[in-house]
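Asks: Attaching a single structure in structure tokens format; questions to follow.
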Amino acid sequence: MSKDAAGKRPTIVDVARHAGVSTAAASKVLRNAYGVSPQMKAKVQASMKALGYRPLASARGMRGRTQAVAVVVADLHNEFSSLLVEGIRQEAERQKYRLLVAPAGSGKEAQNRMVEDLIDRGMDGIVLISPLGTDAELETLARSIPLVVLGRHASSSDYDSVAADDFNGANLVVDHLVSLGHRRITYVNHTTEGTNDARLPEEVRVRGYVDAMIRHGLGDAIDIIQSQWSQEGGEQAGTAILSRADRPTAVFAGCDVAAFGVLTTMWNARISVPNELSIVGFDNIFTTSLAPISITTVDQSGLDMGAAAGKLLLERVGGRTEPVNSMVQPTLVARNTTAAPVMAHRKREP
């Protein structure tokens with residue numbers, strides 16, 4: 001063990017000062033956290049070696065459990081995120097744990113900063129909702145703290161995952177619309193700049209839509225609008241649809257929040273739903289069931305998904321190491337925003 005002239009053992013603060021970096025950066029290197037450049041890692045490790053720094057094993061084990069876990073969520077405006085969080089909260093409360101809800105905003109860097117802050121604040125475990133990043137980055141994170149990934153279609157020996165069968169859910173929507181007589185079905189896709197992760201829900205759902213359209217012999221009618229799964233994104237998609245000379249007879253909005261946006265645009269334009277345009281969402285948030293709205297959607301049991309993620313996380317905190325990957329099967333909830341297209345009605349008239 002190396003000590004300085006005063007007989008003091010070097011600390012992480014000393015290492016950071018010697019390397020010319022922040023204490024937080026030196027701590028990241030020590031914890032092998034992701035987001036550290038090779039240059040930064042080499043610089044800090046060289047300072048550790050020069051100073052003879054070694055973390056105290058007693059200090060690493062001193063904290064113990066804080067009885068607090070966290071969930072990192074990008075979009076609190078989406079009511080489905082609130083369902084997931086509430087499910088986690090209920091399970092955490094049942095097991096006498098406190099839940100910290102950490103809104104990370106959008107983008108990978110914002111997510112990573114929030115995760116690092118949560119680790120530094122001593123959380124016992126973390127749930128990430130539809131996280132951005134590579135498998136390797138998530139696995140590195142999972143080796144430093146118990147981790148459950150919620151919503152992202154992923155499997156790993158280092159963390160647990162809970163997701164809905166988004167591919168099958170999209171198939172259910174197209175099957176429903178085709179059974180009503182629709183052939184021109186538009187899909188509203190969610191796009192995020194700089195990401196194209198095939199395991200995120202939006203990417204799985206668009207593949208399910210394409211698959212179902214082809215299966216029904218409608219490959220030439222595939223129509224995807226690139227937008228955002230938000231109220232504004234749905235309104236923009238609705239405006240784009242209204243500008244067309246040949247409009248679709250049905251819209252699969254990708255999620256309920258976007259469906260509300262499309263529906264708002266149609267209401268403002270005096271377009272009759274479902275007579276002139278059928279609209280389907282995805283998530284089955286509470287407001288879709290309200291009588292004046294009554295949106296057809298896909299139920300993926302958000303509350304149950306959250307509770308399952310919370311249970312798995314606390315099992316991880318308790319010492320379980322075997323991976324669990326859970327898949328929830330969705331169901332279609334047919335309501336008042338879908339019906340046979342007007343032309344289909346006319347064809348049945350004598």
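In the structure tokens, each chain is lettered A, B, ... as it comes, each chain's residues begin at 1, and ligands are numbered from 1 in order of appearance.
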With only C-alpha atoms as the counted atoms, please give the residues lying no more than 8 Å from His190 in chain A, apart from itself and same-chain residues fewer than 2 positions off, as an mmCIF file with N, CA and C atoms, in the first residue's frame.

Replies:
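Written out: out-v8.cif:
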```cif
data_model
loop_
_atom_site.group_PDB
_atom_site.id
_atom_site.type_symbol
_atom_site.label_atom_id
_atom_site.label_comp_id
_atom_site.auth_asym_id
_atom_site.auth_seq_id
_atom_site.Cartn_x
_atom_site.Cartn_y
_atom_site.Cartn_z
ATOM 1 N N VAL A 188 -47.604 5.254 -38.916
ATOM 2 C CA VAL A 188 -46.833 6.388 -38.422
ATOM 3 C C VAL A 188 -45.659 5.849 -37.613
ATOM 4 N N THR A 192 -35.757 8.532 -34.342
ATOM 5 C CA THR A 192 -34.893 9.295 -33.455
ATOM 6 C C THR A 192 -33.558 9.495 -34.144
ATOM 7 N N GLU A 202 -40.214 0.746 -31.537
ATOM 8 C CA GLU A 202 -40.643 1.355 -32.793
ATOM 9 C C GLU A 202 -40.135 0.592 -34.012
ATOM 10 N N GLN A 226 -42.689 8.968 -41.589
ATOM 11 C CA GLN A 226 -41.677 9.127 -40.553
ATOM 12 C C GLN A 226 -42.017 10.353 -39.712
ATOM 13 N N SER A 227 -42.228 10.126 -38.419
ATOM 14 C CA SER A 227 -42.615 11.214 -37.532
ATOM 15 C C SER A 227 -42.105 10.914 -36.128
ATOM 16 N N GLN A 228 -42.834 11.381 -35.114
ATOM 17 C CA GLN A 228 -42.495 11.129 -33.714
ATOM 18 C C GLN A 228 -43.725 10.589 -33.002
ATOM 19 N N TRP A 229 -43.498 9.712 -32.025
ATOM 20 C CA TRP A 229 -44.612 9.219 -31.216
ATOM 21 C C TRP A 229 -44.893 10.212 -30.103
ATOM 22 N N GLY A 254 -49.016 3.820 -34.405
ATOM 23 C CA GLY A 254 -47.807 3.357 -33.719
ATOM 24 C C GLY A 254 -47.907 3.353 -32.220
#
```

Asks: For a quick check of understanding, using only C-alpha atoms, which of A:Val173, A:Ala221, A:Ile271, A:Leu277 has the smallest distance to Cys255 in chain A?

Replies: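 For Cys255 in chain A, the nearest of the candidates is A:Val173.
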
Asks: Using only C-alpha atoms, which residues sit within 8 Å of Gln329 in chain A once same-chain residues fewer than 5 positions away are excluded, as a list in words?

Replies: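 Close residues of Gln329 in chain A: Ala164, Asp165, Asn168, Gly169 and Gln300 of chain A.
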
Asks: Quick check for you: according to DSSP on this backbone, which residues of range 115-159 of chain A are classed as alpha helix (DSSP H)? Reply as a list in words.

Replies: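 Of range 115-159 of chain A, the ones in alpha helix (DSSP H) are Val115, Glu116, Asp117, Leu118, Ile119, Asp120, Asp135, Ala136, Glu137, Leu138, Glu139, Thr140, Leu141 and Ala142 of chain A.
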
Asks: Go through A:Arg184, A:Arg89, A:Arg152, A:Arg9 and flag the residue nearest Leu51 in chain A, using only C-alpha atoms for the distances.

Replies: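 Going through A:Arg184, A:Arg89, A:Arg152, A:Arg9 one by one, the smallest distance to Leu51 in chain A is for A:Arg9.
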
Asks: Could you jot down the CA of Ala104 in chain A to CA of Gly238 in chain A separation for me, Å, one decimal place?

Replies: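 So the two atoms, CA of Ala104 in chain A and CA of Gly238 in chain A, lie 28.3 Å apart.
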
Asks: Set the distance at 12 Å and use only C-alpha atoms: which residues neighbour Gly107 in chain A once local chain neighbours fewer than 2 positions away are removed? I'd like the list as number ranges by chain.

Replies: A: 73-75, 103-105, 109-114, 130-133, 191-195

Asks: Save out the residues we just selected, N, CA and C atoms, as a compact mmCIF listing (two decimals), in the first residue's frame.

Replies:
```txt
# COMPACT_ATOMS: atom_id res chain seq x y z
N VAL A 73 -36.47 7.11 -17.43
CA VAL A 73 -37.49 7.20 -18.46
C VAL A 73 -37.25 8.44 -19.30
N ALA A 74 -37.39 8.29 -20.62
CA ALA A 74 -37.10 9.41 -21.53
C ALA A 74 -38.30 10.33 -21.69
N ASP A 75 -39.51 9.77 -21.70
CA ASP A 75 -40.69 10.56 -22.07
C ASP A 75 -41.79 10.42 -21.02
N PRO A 103 -36.18 11.33 -14.98
CA PRO A 103 -36.44 11.71 -16.38
C PRO A 103 -35.14 12.09 -17.08
N ALA A 104 -34.78 11.33 -18.11
CA ALA A 104 -33.49 11.53 -18.76
C ALA A 104 -33.58 12.40 -20.00
N GLY A 105 -34.78 12.75 -20.45
CA GLY A 105 -34.87 13.49 -21.70
C GLY A 105 -34.54 12.58 -22.86
N GLU A 109 -26.64 10.52 -24.74
CA GLU A 109 -25.75 11.17 -23.78
C GLU A 109 -26.50 11.57 -22.52
N ALA A 110 -27.72 12.09 -22.68
CA ALA A 110 -28.52 12.47 -21.52
C ALA A 110 -28.85 11.25 -20.67
N GLN A 111 -29.16 10.15 -21.34
CA GLN A 111 -29.45 8.91 -20.62
C GLN A 111 -28.23 8.45 -19.83
N ASN A 112 -27.06 8.47 -20.47
CA ASN A 112 -25.84 8.00 -19.80
C ASN A 112 -25.48 8.86 -18.60
N ARG A 113 -25.65 10.17 -18.74
CA ARG A 113 -25.35 11.05 -17.61
C ARG A 113 -26.26 10.76 -16.43
N MET A 114 -27.54 10.52 -16.72
CA MET A 114 -28.48 10.22 -15.64
C MET A 114 -28.12 8.91 -14.95
N SER A 130 -36.74 1.38 -22.51
CA SER A 130 -36.34 1.53 -23.93
C SER A 130 -35.02 2.28 -24.06
N PRO A 131 -33.96 1.78 -23.45
CA PRO A 131 -32.69 2.52 -23.47
C PRO A 131 -32.00 2.52 -24.82
N LEU A 132 -31.25 3.57 -25.07
CA LEU A 132 -30.39 3.64 -26.24
C LEU A 132 -29.02 3.10 -25.85
N GLY A 133 -28.28 2.63 -26.84
CA GLY A 133 -26.95 2.10 -26.55
C GLY A 133 -26.78 0.69 -27.09
N THR A 191 -39.12 8.04 -35.32
CA THR A 191 -37.71 8.09 -35.70
C THR A 191 -36.95 8.98 -34.73
N THR A 192 -35.76 8.53 -34.34
CA THR A 192 -34.89 9.30 -33.45
C THR A 192 -33.56 9.49 -34.14
N GLU A 193 -33.13 10.73 -34.25
CA GLU A 193 -31.89 11.04 -34.96
C GLU A 193 -30.71 10.34 -34.30
N GLY A 194 -29.92 9.67 -35.12
CA GLY A 194 -28.70 9.04 -34.63
C GLY A 194 -28.88 7.63 -34.10
N THR A 195 -30.10 7.11 -34.10
CA THR A 195 -30.32 5.74 -33.62
C THR A 195 -31.10 4.94 -34.65
```

Asks: Residues within 12 Å of Glu93 in chain A, please, as a PyMOL selection string. Count only C-alpha atoms; anything in the same chain fewer than 6 positions from it doesn't count.

Replies: chain A and resi 67-69+86-87+99-100+307+310-311+314

Asks: Mind writing the picked residues with N, CA and C atoms as a short mmCIF file (atom, residue, chain, number, x, y, z; two decimals), in the first residue's frame?

Replies:
```
data_model
loop_
_atom_site.label_atom_id
_atom_site.label_comp_id
_atom_site.auth_asym_id
_atom_site.auth_seq_id
_atom_site.Cartn_x
_atom_site.Cartn_y
_atom_site.Cartn_z
N GLN A 67 -31.96 0.51 0.04
CA GLN A 67 -33.41 0.28 -0.08
C GLN A 67 -34.03 1.28 -1.04
N ALA A 68 -33.25 1.66 -2.06
CA ALA A 68 -33.76 2.59 -3.07
C ALA A 68 -33.32 2.11 -4.45
N VAL A 69 -34.26 2.11 -5.39
CA VAL A 69 -33.97 1.76 -6.77
C VAL A 69 -34.49 2.89 -7.65
N GLU A 86 -45.61 3.27 -12.69
CA GLU A 86 -46.52 2.93 -11.59
C GLU A 86 -46.44 1.46 -11.24
N GLY A 87 -46.30 0.60 -12.25
CA GLY A 87 -46.14 -0.83 -11.97
C GLY A 87 -44.88 -1.11 -11.18
N LEU A 99 -38.66 4.22 -4.70
CA LEU A 99 -38.39 4.33 -6.14
C LEU A 99 -38.12 5.77 -6.50
N LEU A 100 -36.99 5.98 -7.16
CA LEU A 100 -36.65 7.30 -7.69
C LEU A 100 -36.93 7.29 -9.18
N ALA A 307 -44.64 -3.92 -13.18
CA ALA A 307 -44.54 -4.73 -11.97
C ALA A 307 -43.56 -5.89 -12.17
N GLY A 310 -40.06 -4.50 -11.97
CA GLY A 310 -39.71 -4.20 -10.59
C GLY A 310 -39.37 -5.45 -9.80
N LYS A 311 -40.15 -6.50 -10.00
CA LYS A 311 -39.91 -7.76 -9.30
C LYS A 311 -38.57 -8.36 -9.69
N LEU A 314 -35.61 -6.36 -8.13
CA LEU A 314 -35.38 -6.61 -6.71
C LEU A 314 -34.85 -8.03 -6.46
#
```

Asks: Closest to Val149 in chain A among A:Gln39, A:Arg335, A:Val72, A:Tyr187, using only C-alpha atoms?

Replies: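 Residue with the minimum atom-to-atom distance to Val149 in chain A: A:Val72.
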
Asks: Identify which of the residues A:Thr337, A:Leu313, A:Thr331, A:Glu232 lies closest to Ala291 in chain A, counting only C-alpha atoms when measuring atom-to-atom distances.

Replies: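 Between A:Thr337, A:Leu313, A:Thr331, A:Glu232, the residue approaching Ala291 in chain A most closely is A:Thr337.
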
Asks: Give me the residues near Gly261 in chain A as a short mmCIF file (atom, residue, chain, number, x, y, z; two decimals) with all heavy atoms, in the first residue's frame, where near means some atom within 12 Å (using only C-alpha atoms) and where sequence neighbours in that chain fewer than 4 positions away do not count.

Replies:
```cif
data_model
loop_
_atom_site.label_atom_id
_atom_site.label_comp_id
_atom_site.auth_asym_id
_atom_site.auth_seq_id
_atom_site.Cartn_x
_atom_site.Cartn_y
_atom_site.Cartn_z
N VAL A 188 -47.60 5.25 -38.92
CA VAL A 188 -46.83 6.39 -38.42
C VAL A 188 -45.66 5.85 -37.61
O VAL A 188 -45.85 5.25 -36.55
CB VAL A 188 -47.69 7.33 -37.55
CG1 VAL A 188 -46.83 8.48 -37.01
CG2 VAL A 188 -48.88 7.86 -38.34
N SER A 227 -42.23 10.13 -38.42
CA SER A 227 -42.61 11.21 -37.53
C SER A 227 -42.11 10.91 -36.13
O SER A 227 -41.08 10.26 -35.96
CB SER A 227 -44.14 11.39 -37.56
OG SER A 227 -44.53 12.54 -36.83
N GLN A 228 -42.83 11.38 -35.11
CA GLN A 228 -42.49 11.13 -33.71
C GLN A 228 -43.73 10.59 -33.00
O GLN A 228 -44.85 10.97 -33.32
CB GLN A 228 -42.04 12.42 -33.02
CG GLN A 228 -40.81 13.05 -33.63
CD GLN A 228 -39.56 12.26 -33.32
OE1 GLN A 228 -39.29 11.95 -32.17
NE2 GLN A 228 -38.79 11.94 -34.35
N TRP A 229 -43.50 9.71 -32.02
CA TRP A 229 -44.61 9.22 -31.22
C TRP A 229 -44.89 10.21 -30.10
O TRP A 229 -44.52 10.03 -28.94
CB TRP A 229 -44.29 7.84 -30.67
CG TRP A 229 -44.44 6.76 -31.70
CD1 TRP A 229 -44.93 6.88 -32.97
CD2 TRP A 229 -44.10 5.38 -31.55
NE1 TRP A 229 -44.92 5.68 -33.62
CE2 TRP A 229 -44.41 4.73 -32.77
CE3 TRP A 229 -43.55 4.62 -30.51
CZ2 TRP A 229 -44.20 3.37 -32.97
CZ3 TRP A 229 -43.34 3.28 -30.70
CH2 TRP A 229 -43.67 2.65 -31.92
N SER A 230 -45.57 11.28 -30.49
CA SER A 230 -45.96 12.34 -29.57
C SER A 230 -47.23 12.97 -30.12
O SER A 230 -47.65 12.69 -31.25
CB SER A 230 -44.86 13.41 -29.48
OG SER A 230 -44.67 14.04 -30.75
N GLN A 231 -47.88 13.83 -29.31
CA GLN A 231 -49.06 14.53 -29.78
C GLN A 231 -48.72 15.34 -31.03
O GLN A 231 -49.44 15.29 -32.03
CB GLN A 231 -49.57 15.45 -28.67
CG GLN A 231 -50.75 16.34 -29.08
CD GLN A 231 -52.07 15.60 -29.12
OE1 GLN A 231 -52.23 14.57 -28.48
NE2 GLN A 231 -53.03 16.13 -29.87
N GLU A 232 -47.61 16.06 -30.96
CA GLU A 232 -47.21 16.89 -32.11
C GLU A 232 -46.88 16.04 -33.33
O GLU A 232 -47.23 16.38 -34.46
CB GLU A 232 -46.01 17.75 -31.73
CG GLU A 232 -46.27 18.78 -30.64
CD GLU A 232 -46.28 18.16 -29.25
OE1 GLU A 232 -45.90 16.97 -29.11
OE2 GLU A 232 -46.70 18.85 -28.30
N GLY A 233 -46.19 14.93 -33.09
CA GLY A 233 -45.84 14.04 -34.20
C GLY A 233 -47.07 13.47 -34.86
O GLY A 233 -47.13 13.35 -36.10
N GLY A 234 -48.08 13.11 -34.07
CA GLY A 234 -49.32 12.61 -34.64
C GLY A 234 -50.06 13.66 -35.44
O GLY A 234 -50.61 13.38 -36.51
N GLU A 235 -50.05 14.90 -34.92
CA GLU A 235 -50.71 15.99 -35.65
C GLU A 235 -50.01 16.25 -36.98
O GLU A 235 -50.66 16.51 -38.00
CB GLU A 235 -50.72 17.25 -34.78
CG GLU A 235 -51.66 17.13 -33.58
CD GLU A 235 -51.62 18.38 -32.70
OE1 GLU A 235 -50.98 19.37 -33.10
OE2 GLU A 235 -52.23 18.34 -31.62
N GLN A 236 -48.69 16.21 -36.97
CA GLN A 236 -47.94 16.42 -38.21
C GLN A 236 -48.23 15.31 -39.22
O GLN A 236 -48.38 15.58 -40.43
CB GLN A 236 -46.45 16.49 -37.90
CG GLN A 236 -46.04 17.74 -37.15
CD GLN A 236 -44.62 17.68 -36.60
OE1 GLN A 236 -43.88 16.73 -36.88
NE2 GLN A 236 -44.23 18.67 -35.82
N ALA A 237 -48.31 14.07 -38.74
CA ALA A 237 -48.64 12.96 -39.63
C ALA A 237 -50.05 13.14 -40.19
O ALA A 237 -50.30 12.89 -41.39
CB ALA A 237 -48.52 11.63 -38.89
N GLY A 238 -50.97 13.58 -39.34
CA GLY A 238 -52.34 13.82 -39.80
C GLY A 238 -52.40 14.90 -40.86
O GLY A 238 -53.13 14.78 -41.86
N THR A 239 -51.62 15.96 -40.68
CA THR A 239 -51.57 17.04 -41.67
C THR A 239 -51.02 16.54 -43.00
O THR A 239 -51.51 16.90 -44.08
CB THR A 239 -50.71 18.20 -41.14
OG1 THR A 239 -51.29 18.70 -39.93
CG2 THR A 239 -50.62 19.32 -42.16
N VAL A 251 -55.31 4.52 -40.45
CA VAL A 251 -53.99 4.90 -39.96
C VAL A 251 -53.67 4.10 -38.70
O VAL A 251 -54.45 4.10 -37.75
CB VAL A 251 -53.91 6.41 -39.63
CG1 VAL A 251 -52.55 6.75 -39.02
CG2 VAL A 251 -54.16 7.24 -40.87
N ALA A 253 -51.27 4.41 -35.90
CA ALA A 253 -50.44 5.52 -35.43
C ALA A 253 -49.21 5.10 -34.65
O ALA A 253 -48.42 5.95 -34.24
CB ALA A 253 -51.29 6.47 -34.57
N GLY A 254 -49.02 3.82 -34.41
CA GLY A 254 -47.81 3.36 -33.72
C GLY A 254 -47.91 3.35 -32.22
O GLY A 254 -47.43 2.44 -31.56
N CYS A 255 -48.51 4.40 -31.65
CA CYS A 255 -48.77 4.43 -30.20
C CYS A 255 -49.97 5.33 -29.95
O CYS A 255 -50.39 6.10 -30.82
CB CYS A 255 -47.54 4.91 -29.43
SG CYS A 255 -47.28 6.69 -29.46
N ASP A 256 -50.51 5.27 -28.75
CA ASP A 256 -51.73 6.00 -28.44
C ASP A 256 -51.54 7.52 -28.49
O ASP A 256 -52.42 8.25 -28.95
CB ASP A 256 -52.26 5.60 -27.05
CG ASP A 256 -52.85 4.20 -27.03
OD1 ASP A 256 -53.23 3.70 -28.10
OD2 ASP A 256 -52.94 3.62 -25.93
N VAL A 257 -50.41 8.01 -28.00
CA VAL A 257 -50.17 9.45 -27.98
C VAL A 257 -50.19 10.01 -29.41
O VAL A 257 -50.79 11.06 -29.67
CB VAL A 257 -48.84 9.78 -27.28
CG1 VAL A 257 -48.54 11.25 -27.38
CG2 VAL A 257 -48.88 9.34 -25.83
N THR A 265 -56.12 16.23 -35.44
CA THR A 265 -56.05 16.85 -36.77
C THR A 265 -57.32 16.56 -37.56
O THR A 265 -57.85 17.45 -38.24
CB THR A 265 -54.82 16.33 -37.53
OG1 THR A 265 -53.64 16.68 -36.81
CG2 THR A 265 -54.75 16.94 -38.92
N MET A 266 -57.81 15.34 -37.48
CA MET A 266 -59.01 14.99 -38.23
C MET A 266 -60.24 15.69 -37.68
O MET A 266 -61.10 16.15 -38.45
CB MET A 266 -59.20 13.47 -38.22
CG MET A 266 -58.07 12.70 -38.89
SD MET A 266 -57.72 13.31 -40.56
CE MET A 266 -55.96 12.95 -40.70
N TRP A 267 -60.34 15.78 -36.37
CA TRP A 267 -61.46 16.52 -35.78
C TRP A 267 -61.46 17.97 -36.24
O TRP A 267 -62.50 18.51 -36.62
CB TRP A 267 -61.37 16.47 -34.25
CG TRP A 267 -61.95 15.23 -33.63
CD1 TRP A 267 -62.81 14.35 -34.22
CD2 TRP A 267 -61.69 14.74 -32.31
NE1 TRP A 267 -63.10 13.33 -33.34
CE2 TRP A 267 -62.45 13.54 -32.17
CE3 TRP A 267 -60.91 15.16 -31.25
CZ2 TRP A 267 -62.43 12.79 -31.00
CZ3 TRP A 267 -60.90 14.44 -30.08
CH2 TRP A 267 -61.65 13.26 -29.95
N ASN A 268 -60.28 18.60 -36.20
CA ASN A 268 -60.18 20.01 -36.59
C ASN A 268 -60.52 20.21 -38.07
O ASN A 268 -61.00 21.28 -38.47
CB ASN A 268 -58.78 20.54 -36.31
CG ASN A 268 -58.50 20.66 -34.82
OD1 ASN A 268 -59.43 20.74 -34.01
ND2 ASN A 268 -57.24 20.69 -34.44
N ILE A 279 -58.69 4.95 -37.19
CA ILE A 279 -57.44 5.24 -36.49
C ILE A 279 -57.22 4.21 -35.39
O ILE A 279 -58.14 3.92 -34.62
CB ILE A 279 -57.45 6.66 -35.88
CG1 ILE A 279 -57.63 7.72 -36.97
CG2 ILE A 279 -56.17 6.92 -35.08
CD1 ILE A 279 -57.81 9.13 -36.44
N VAL A 280 -55.99 3.69 -35.33
CA VAL A 280 -55.62 2.71 -34.30
C VAL A 280 -54.37 3.18 -33.59
O VAL A 280 -53.41 3.64 -34.23
CB VAL A 280 -55.39 1.31 -34.90
CG1 VAL A 280 -55.12 0.29 -33.79
CG2 VAL A 280 -56.58 0.88 -35.75
N GLY A 281 -54.35 3.04 -32.27
CA GLY A 281 -53.17 3.35 -31.47
C GLY A 281 -52.47 2.08 -31.02
O GLY A 281 -52.64 1.00 -31.60
N ILE A 295 -60.65 5.01 -28.46
CA ILE A 295 -59.74 4.66 -29.55
C ILE A 295 -59.45 3.15 -29.57
O ILE A 295 -59.13 2.56 -28.54
CB ILE A 295 -58.41 5.43 -29.40
CG1 ILE A 295 -58.65 6.93 -29.60
CG2 ILE A 295 -57.36 4.94 -30.40
CD1 ILE A 295 -57.40 7.77 -29.45
#
```

Asks: Neighbouring residues of Met327 in chain A were defined as those with any atom within 10 Å, considering only C-alpha atoms; residues of the same chain fewer than 3 positions away were excluded. Please report them as a ChimeraX atom specification.

Replies: /A:151,153,161-166,305,324,330

Asks: Between CA of Asp211 in chain A and CA of Ala170 in chain A, what is the distance in Å, rounded to a tenth?

Replies: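 Separating CA of Asp211 in chain A from CA of Ala170 in chain A is a distance of 9.0 Å.
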
Asks: Which parts of range 61-94 of chain A does DSSP call strand (DSSP E or B) when run on the backbone here, written out as a count of residues only?

Replies: 6

Asks: I'd like the interatomic distance between CA of Val15 in chain A and CA of Leu138 in chain A, to a tenth of an Å.

Replies: 26.8 Å
